[in-house]
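Below is one structure, written out as structure tokens, with a few remarks after it.
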Amino acid sequence: MTAGERIKVTAALLAVAVLMPGVWNRPLAVSAAEAEVDETNVQTVQGSTASSSSEKVILRIANWEEYIDEGGWDEEEAIELDNEDETVILGENSMVEDFEVWYFENYGVDVDVEYSTFGTNEDLYNQLTLGNDFDLVCPSEYMFMKLIAEDRLKPLSDGFFDENREDNYYIRGVSDYIRNIFDTNTINGEPWSRYAAGYMWGTTGIVYNPEEISEEEASHWAILADPKYKGQVTVKDNVRDSYFAALGILNEDELLDPDFINSDDRLERIAELMNRTDEETVKKAEKILKQMKENAYSFESDSGKSDMVTGKVLANYQWSGDAVYTLDQAEIDDYILAYAVPEECTNVWFDGWVMLKDGIGEDSAKQQAAEAFINFMSRPDNVVRNMYYIGYTSVIAGGNSDIIYAYADWCYGAEEESEDNIEYPVGFFFSGDDSDPDYVITAEPDQANRQLFAQYPPQDVLERAVVMQYFDKENNQRINQMWVNVRCFDLSSLSADDWGRIAAGILIVIALAVVFWKRDDIFRRKS
Amino acid sequence: MIMGVFRFSRKQLCIPYALFLVCFVVLPLAVIVYYAFTDGTGSFTLANLLSFFTNGNTIGTLCYSIVVALVVTAVCLVIAYPTAYVLARSGLKRGPVLLMLFILPMWINFTLRITALKEVLTLIEGNLSLHPFLNTVIAMTYDFLPFMILPLYTTLLQLDVSLLEAAQDLGAGPAAVFFRVTLPLSMPGIVSGVTMTFLPAMTNYVILDMIYNSTYIMGSLIGSYFNIYDWNNGSMISLILFAGICVVSVFTGKVDQSDLDNRGAIL
């Protein structure tokens with residue numbers, strides 16, 4: 001949560017005032033509904049005048065900042081892949097422009113993409129609440145779970161899941177591992193996959209400086225509250241990630257118990273432990289988070305990456321995608337960092353495309369364009385462009401296409417043959433089986449705990465990677481209140497000495513005030 | 001004839017500002033009041049008000065903010081007053097240039113300045129996270145100092161020298177002249193400087209975020225409520241803060257006025 005977003009919230013509040021006059025004598029929902037009606041009227045009027053020239057579809061998309069290829073690559077940046085067709089990938093134009101051209105060529109319809117960005121999931125949600133209509137948005141999993149639960153999303157069409165259609169790149173290319181998660185996680189009995197198509201994914205873990213911190217230490221959530229590293233570690237400034245880490249510390253003993261680890265239903269049991277939101281658990285987590293606050297260098301929402309690269313801190317809690325970025329940036333200065341995923345468990349996260357009811361409505365032309373956009377973004381060469389540009393890992397494994405695996409090999413395959421090189425299996429993501437000999441990258445040895453490890457976690461990491469569910473209203477309230485408690489100044493934390501000092505300070509201030517007030521008398525007597 | 005009907009009046013010059021005032025001051029305030037006194041479903045409630053005063057955390061935050069603001073204001077005043085006094089009264093040849101040097105930082109975006117300050121403090125302290133309160137005070141003082149210097153400088157510049165001379169003639173020593181004439185006459189400058197420093201210092205959480213103080217002040221508390229879609233509590237806290245500001249303004253305004261009247265009477 002950066003300053004900018006809070007300013008936006010304030011601005012948004014101002015916008016309510018301007019956009020919704022009369023809001024204070026009617027319930028919000030009514031005026032919002034009216035606004036909607038007004039808007040559809042306007043649209044039909046516009047539609048009738050516009051139809052005479054051409055049927056143009058306007059697609060309003062909101063995505064994270066810096067989360068799509070914006071083109072403008074140099075010729076030298078062209079990625080020459082070592083796959084069967086020796087594909088060369090170069091982002092000349094922005095992805096959005098390319099989509100407009102592609103859509104017209106394939107569907108014969110002009111589409112005009114109005115692309116905007118948001119900084120946090122909450123920012124997006126507030127925009128939606130204020131009546132800012134989008135057709136297609138790309139929030140994180142917990143936010144699209146919330147939107148599904150609130151019945152604000154339009155289901156993807158059956159045609160989108162037809163694997164026989166040539167340009168259904170998403171369903172033909174998505175990794176089985178991801179597909180399974182999207183099919184088995186449900187909200188009110190409906191699987192995510194009914195509404196959401198994945199975009200990027202990853203784990204959460206610790207970026208650390210291997211010269212100062214051992215891999216063993218970095219592989220436990222406890223490092224975030226370890227007094228040994230007081231003022232050397234940053235923690236994420238958002239309640240969900242911090243709460244997850246706190247639960248990791250709270251349940252450390254149980255999660256590392258050999259019986260627990262070897263149990264058949266380990267993943268289910270981790271998921272159950274890490275999604276607890278009962279009062280007792282929240283209270284214990286609050287205690288741990290208060291320790292973390294005392295111990296950490298900062299709670300950060302964006303500065304952690306640069307503080308890590310400049311060496312101000314030794315470890316930071318990071319999403320795998322940002323970890324790759326951090327490691328890359330540090331490497332430019334020959335500063336070698338590494339990434340570890342705690343042995344207790346990790347949070348597997350997703351950003352996914354969902355269509356909004358308010359935006360799409362019953363407009364099938366719009367829905368077609370929205371789904372085509374998801375597919376276009378999932379086309380293997382475009383996936384590579386986005387991954388190259390953003391540094392995150394796409395949920396697309398490629399299906400029949402070998403481009404994405406070739407790109408992973410292009411990124412991380414060892415340049416020189418050496419005996420030290422390791423065989424790093426990525427089969428779990430690409431074909432569902434880590435022992436698949438077709439998907440093994442021969443990489444330099446340190447890649448086992450660096451970028452390759454962050455981008456394509458091995459099977460044993462994914463066997464302890466759980467989804468953090470969306471909390472219902474009551475639990476959400478409890479956890480948010482807990483977070484506010486952690487961040488607020490706790491008067492009871494003051495010692496007797498502190499109170500003494502405060503009292504002395506107040507006395508001095510009062511004395512000064514009295515002197516100032518009575519200065520006439522004092523100086524008169526003197527003179 | 002037609003011109004006669006639409007007679008131009010000087011009052012009409014106010015229309016743009018009046019519109020602005022209604023759109024961006026009155027309406028938002030009305031929305032805040034609406035949200036502050038309703039619950040999630042839109043029905044009237046005082047629960048938000050009660051929860052502010054019964055929750056130890058919000059009170060703790062209020063105290064913390066006030067302490068931060070008091071310390072920052074005091075430090076600013078202690079630094080700014082002598083500076084402004086020297087700039088305005090000692091007849092320095094390059095006074096305006098020096099003043100410009102103090103004002104110059106205001107031309108640079110404050111996030112940029114705080115980022116730079118962060119690096120400097122890191123060089124001095126080694127690790128920023130060890131002194132969050134001290135860093136906050138330094139950063140805010142750095143940011144708000146010009147707002148304290150400027151009004152003080154203006155007031156001290158306009159100070160009537162003949163009054164000081166008269167006091168000296170009548171036998172007042174330098175200390176008496178300062179405390180009985182200069183200081184009272186510069187009260188308007190002090191009041192506006194304090195207002196321009198104290199209030200932002202209570203709410204400017206951006207500086208706290210940037211300087212890695214993880215403890216909330218009022219501004220961050222309000223922001224956190226809006227971030228979790230709790231507009232009602234967020235609005236209530238904003239409103240309480242607003243009420244507090246009004247009280248303080250009225251109070252300082254009165255002090256300012258009565259003080260001036262008293263001085264006038266004595267002089």
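Lettering and numbering for the structure tokens are positional, with chains as A, B, ... in the shown order, residues counted from 1 in each chain, and ligands counted from 1 in the shown order.
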Skip segment 65-71 of chain A itself and residues of its chain fewer than 6 positions away, then list as a PDB file with C-alpha atoms, in the first residue's frame all residues within 12 Å of it, counting only C-alpha atoms.
```pdb
ATOM      1  CA  GLU A  77      16.704  -7.716 -27.782  1.00  0.00           C
ATOM      2  CA  ALA A  78      15.131 -10.297 -30.085  1.00  0.00           C
ATOM      3  CA  ILE A  89      10.428 -13.286 -30.581  1.00  0.00           C
ATOM      4  CA  LEU A  90      10.493  -9.505 -30.679  1.00  0.00           C
ATOM      5  CA  GLY A  91       8.016  -7.101 -29.118  1.00  0.00           C
ATOM      6  CA  GLU A  92       7.744  -4.291 -31.657  1.00  0.00           C
ATOM      7  CA  ASN A  93       4.368  -2.853 -30.761  1.00  0.00           C
ATOM      8  CA  SER A  94       2.550  -2.952 -27.484  1.00  0.00           C
ATOM      9  CA  MET A  95       0.579  -6.085 -26.781  1.00  0.00           C
ATOM     10  CA  VAL A  96      -2.659  -4.122 -26.774  1.00  0.00           C
ATOM     11  CA  GLU A  97      -2.059  -2.715 -30.268  1.00  0.00           C
ATOM     12  CA  ASP A  98      -1.104  -6.137 -31.540  1.00  0.00           C
ATOM     13  CA  PHE A  99      -4.320  -7.537 -30.120  1.00  0.00           C
ATOM     14  CA  TYR A 115      -6.420  -0.082 -21.143  1.00  0.00           C
ATOM     15  CA  SER A 116      -5.916   1.212 -17.622  1.00  0.00           C
ATOM     16  CA  THR A 117      -3.923   0.078 -14.627  1.00  0.00           C
ATOM     17  CA  PHE A 118      -4.297  -0.244 -10.884  1.00  0.00           C
ATOM     18  CA  GLY A 119      -1.795  -0.462  -8.050  1.00  0.00           C
ATOM     19  CA  THR A 120      -3.451  -2.808  -5.569  1.00  0.00           C
ATOM     20  CA  ASN A 121      -6.385  -5.183  -5.507  1.00  0.00           C
ATOM     21  CA  ASP A 123      -7.587   0.016  -5.421  1.00  0.00           C
ATOM     22  CA  LEU A 124      -9.301  -1.950  -8.187  1.00  0.00           C
ATOM     23  CA  VAL A 137      -9.747  -7.145 -15.094  1.00  0.00           C
ATOM     24  CA  CYS A 138      -6.795  -9.039 -13.707  1.00  0.00           C
ATOM     25  CA  PRO A 139      -6.856  -9.124  -9.890  1.00  0.00           C
ATOM     26  CA  TYR A 199      -2.331 -14.981 -16.077  1.00  0.00           C
ATOM     27  CA  MET A 200       0.759 -15.094 -13.853  1.00  0.00           C
ATOM     28  CA  GLY A 321       8.060 -12.714  -9.504  1.00  0.00           C
ATOM     29  CA  ASP A 322       9.512  -9.748  -7.648  1.00  0.00           C
ATOM     30  CA  ASP A 351      -3.355 -13.192 -10.987  1.00  0.00           C
ATOM     31  CA  GLY A 352      -6.237 -14.034 -13.266  1.00  0.00           C
ATOM     32  CA  MET A 377      -2.314 -13.174 -24.118  1.00  0.00           C
ATOM     33  CA  SER A 378      -1.977 -16.938 -23.775  1.00  0.00           C
ATOM     34  CA  ASP A 381       4.932 -16.197 -28.352  1.00  0.00           C
ATOM     35  CA  ASN A 382       2.951 -13.504 -26.524  1.00  0.00           C
ATOM     36  CA  VAL A 383       3.411 -15.341 -23.242  1.00  0.00           C
ATOM     37  CA  VAL A 384       7.155 -15.159 -23.795  1.00  0.00           C
ATOM     38  CA  ARG A 385       6.964 -11.452 -24.606  1.00  0.00           C
ATOM     39  CA  ASN A 386       5.052 -10.760 -21.406  1.00  0.00           C
ATOM     40  CA  MET A 387       7.276 -12.942 -19.270  1.00  0.00           C
ATOM     41  CA  TYR A 388      10.383 -11.303 -20.694  1.00  0.00           C
ATOM     42  CA  TYR A 389       8.976  -7.861 -20.072  1.00  0.00           C
ATOM     43  CA  ILE A 390       7.523  -8.458 -16.590  1.00  0.00           C
ATOM     44  CA  GLY A 391       9.777 -11.164 -15.176  1.00  0.00           C
ATOM     45  CA  TYR A 392       6.901 -13.128 -13.675  1.00  0.00           C
ATOM     46  CA  THR A 393       5.916 -16.680 -14.623  1.00  0.00           C
ATOM     47  CA  SER A 394       2.925 -17.302 -16.860  1.00  0.00           C
TER      48      SER A 394
END
```
Non-local contacts of segment 52-60 of chain B (10 Å; only C-alpha atoms; under 3 positions in same chain excluded) as JSON, numbers by chain: {"A": [481, 484, 485, 486, 487, 488, 489, 490, 491, 492], "B": [47, 48, 49, 63, 64, 65, 66, 216, 217, 218, 221, 233, 236, 237, 240]}
Using only C-alpha atoms, which protein or nucleic acid residues come within 10 Å of segment 90-103 of chain B? Drop anything in the same chain fewer than 2 positions from it, and give the result as a tab-separated table (two decimals) with N, CA and C atoms, in the first residue's frame.
```tsv
chain	number	residue	atom	x	y	z
B	83	THR	N	16.20	31.84	12.86
B	83	THR	CA	16.55	31.99	11.44
B	83	THR	C	15.79	33.16	10.83
B	84	ALA	N	14.47	33.14	11.03
B	84	ALA	CA	13.64	34.19	10.45
B	84	ALA	C	14.03	35.54	11.04
B	85	TYR	N	14.37	35.57	12.34
B	85	TYR	CA	14.72	36.82	13.00
B	85	TYR	C	15.98	37.41	12.38
B	86	VAL	N	16.98	36.54	12.20
B	86	VAL	CA	18.24	37.00	11.60
B	86	VAL	C	17.99	37.49	10.17
B	87	LEU	N	17.24	36.70	9.42
B	87	LEU	CA	16.99	37.04	8.02
B	87	LEU	C	16.25	38.37	7.91
B	88	ALA	N	15.32	38.58	8.80
B	88	ALA	CA	14.46	39.75	8.65
B	88	ALA	C	15.04	41.00	9.30
B	105	PRO	N	14.10	24.30	-1.24
B	105	PRO	CA	13.69	22.89	-1.21
B	105	PRO	C	12.23	22.69	-1.55
B	106	MET	N	11.40	23.71	-1.29
B	106	MET	CA	9.97	23.55	-1.58
B	106	MET	C	9.71	23.36	-3.06
B	107	TRP	N	10.66	23.74	-3.89
B	107	TRP	CA	10.44	23.60	-5.33
B	107	TRP	C	10.67	22.18	-5.81
B	145	LEU	N	9.83	22.84	7.57
B	145	LEU	CA	10.55	24.03	8.04
B	145	LEU	C	10.22	25.30	7.23
B	146	PRO	N	10.22	25.24	5.90
B	146	PRO	CA	9.90	26.46	5.14
B	146	PRO	C	8.53	27.04	5.50
B	147	PHE	N	7.58	26.15	5.84
B	147	PHE	CA	6.24	26.64	6.18
B	147	PHE	C	6.24	27.39	7.50
B	149	ILE	N	9.21	29.06	8.56
B	149	ILE	CA	10.08	30.23	8.37
B	149	ILE	C	9.34	31.35	7.65
B	150	LEU	N	8.61	30.99	6.59
B	150	LEU	CA	8.00	32.03	5.76
B	150	LEU	C	7.08	32.98	6.52
B	153	TYR	N	9.07	35.10	8.94
B	153	TYR	CA	9.88	36.09	8.24
B	153	TYR	C	9.02	37.29	7.85
```
d(atom CA of Phe20 of chain B, atom CA of Ala36 of chain B) in Å: 23.3 Å
Check: which chain B residues lie within 9 Å of chain A using only C-alpha atoms, as a count of residues only: 58
Closest of A:Glu272, A:Glu343, A:Glu215, A:Asp241 to Asn449 of chain A - atom-to-atom distances counting only C-alpha atoms: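 Closest to Asn449 of chain A of all the choices is A:Glu215.
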Top pick for closest residue to Thr115 of chain B, considering A:Asp307, A:Glu416, A:Asp436, A:Asp259 and counting only C-alpha atoms: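 Looking only at the distances to Thr115 of chain B, the closest residue turns out to be A:Asp307.
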Picked from segment 328-487 of chain A by DSSP as strand (DSSP E), as a PyMOL selection string: chain A and resi 338-340+346-347+349-356+393-394+422-425+440-443+465-466
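With atom CA of Glu114 of chain A on one side and atom CA of Arg60 of chain A on the other, the separation reads 4.7 Å.
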Å distance separating atom CA of Gly359 of chain A from atom CA of Leu136 of chain A, one decimal place: 7.9 Å
Nearby residues (only C-alpha atoms) at most 12 Å from Leu147 of chain A, same-chain spacing under 3 positions excluded, as a ChimeraX atom specification: /A:121-122,124-125,128-129,137-144,150-155,187-188,192,195-196,353-358,470,472
Within 10 Å of Trp102 of chain A using only C-alpha atoms, minus same-chain residues under 6 positions, as an MDAnalysis selection string: chainID A and resid 96 108:111 372:373 376
Counting only C-alpha atoms, the residue of B:Met148, B:Val68, B:Leu164, B:Leu123 that sits nearest Thr203 of chain B: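 Smallest distance to Thr203 of chain B is found for B:Val68.
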Best match for closeness to Tyr81 of chain B among B:Val161, B:Ala201, B:Leu152, B:Ala167, counting only C-alpha atoms: B:Leu152
Those of segment 191-399 of chain A in DSSP helix (DSSP H, G or I), formatted as a ChimeraX atom specification: /A:192-194,215-218,221-225,227-229,239-250,252-256,258-262,266-274,279-295,303-309,320-332,357-360,364-377,380-390
Contact residues around Glu163 of chain A with only C-alpha atoms at 8 Å, ignoring same-chain residues under 5 positions, as a ChimeraX atom specification: /A:168,171-172
Keeping C-alpha atoms, export the residues of the selection given above as a PDB file, in the first residue's frame.
```
ATOM      1  CA  ASN A 168      -8.252 -21.207 -27.781  1.00  0.00           C
ATOM      2  CA  ILE A 171      -7.239 -23.862 -22.505  1.00  0.00           C
ATOM      3  CA  ARG A 172      -4.866 -25.598 -24.900  1.00  0.00           C
TER       4      ARG A 172
END
```
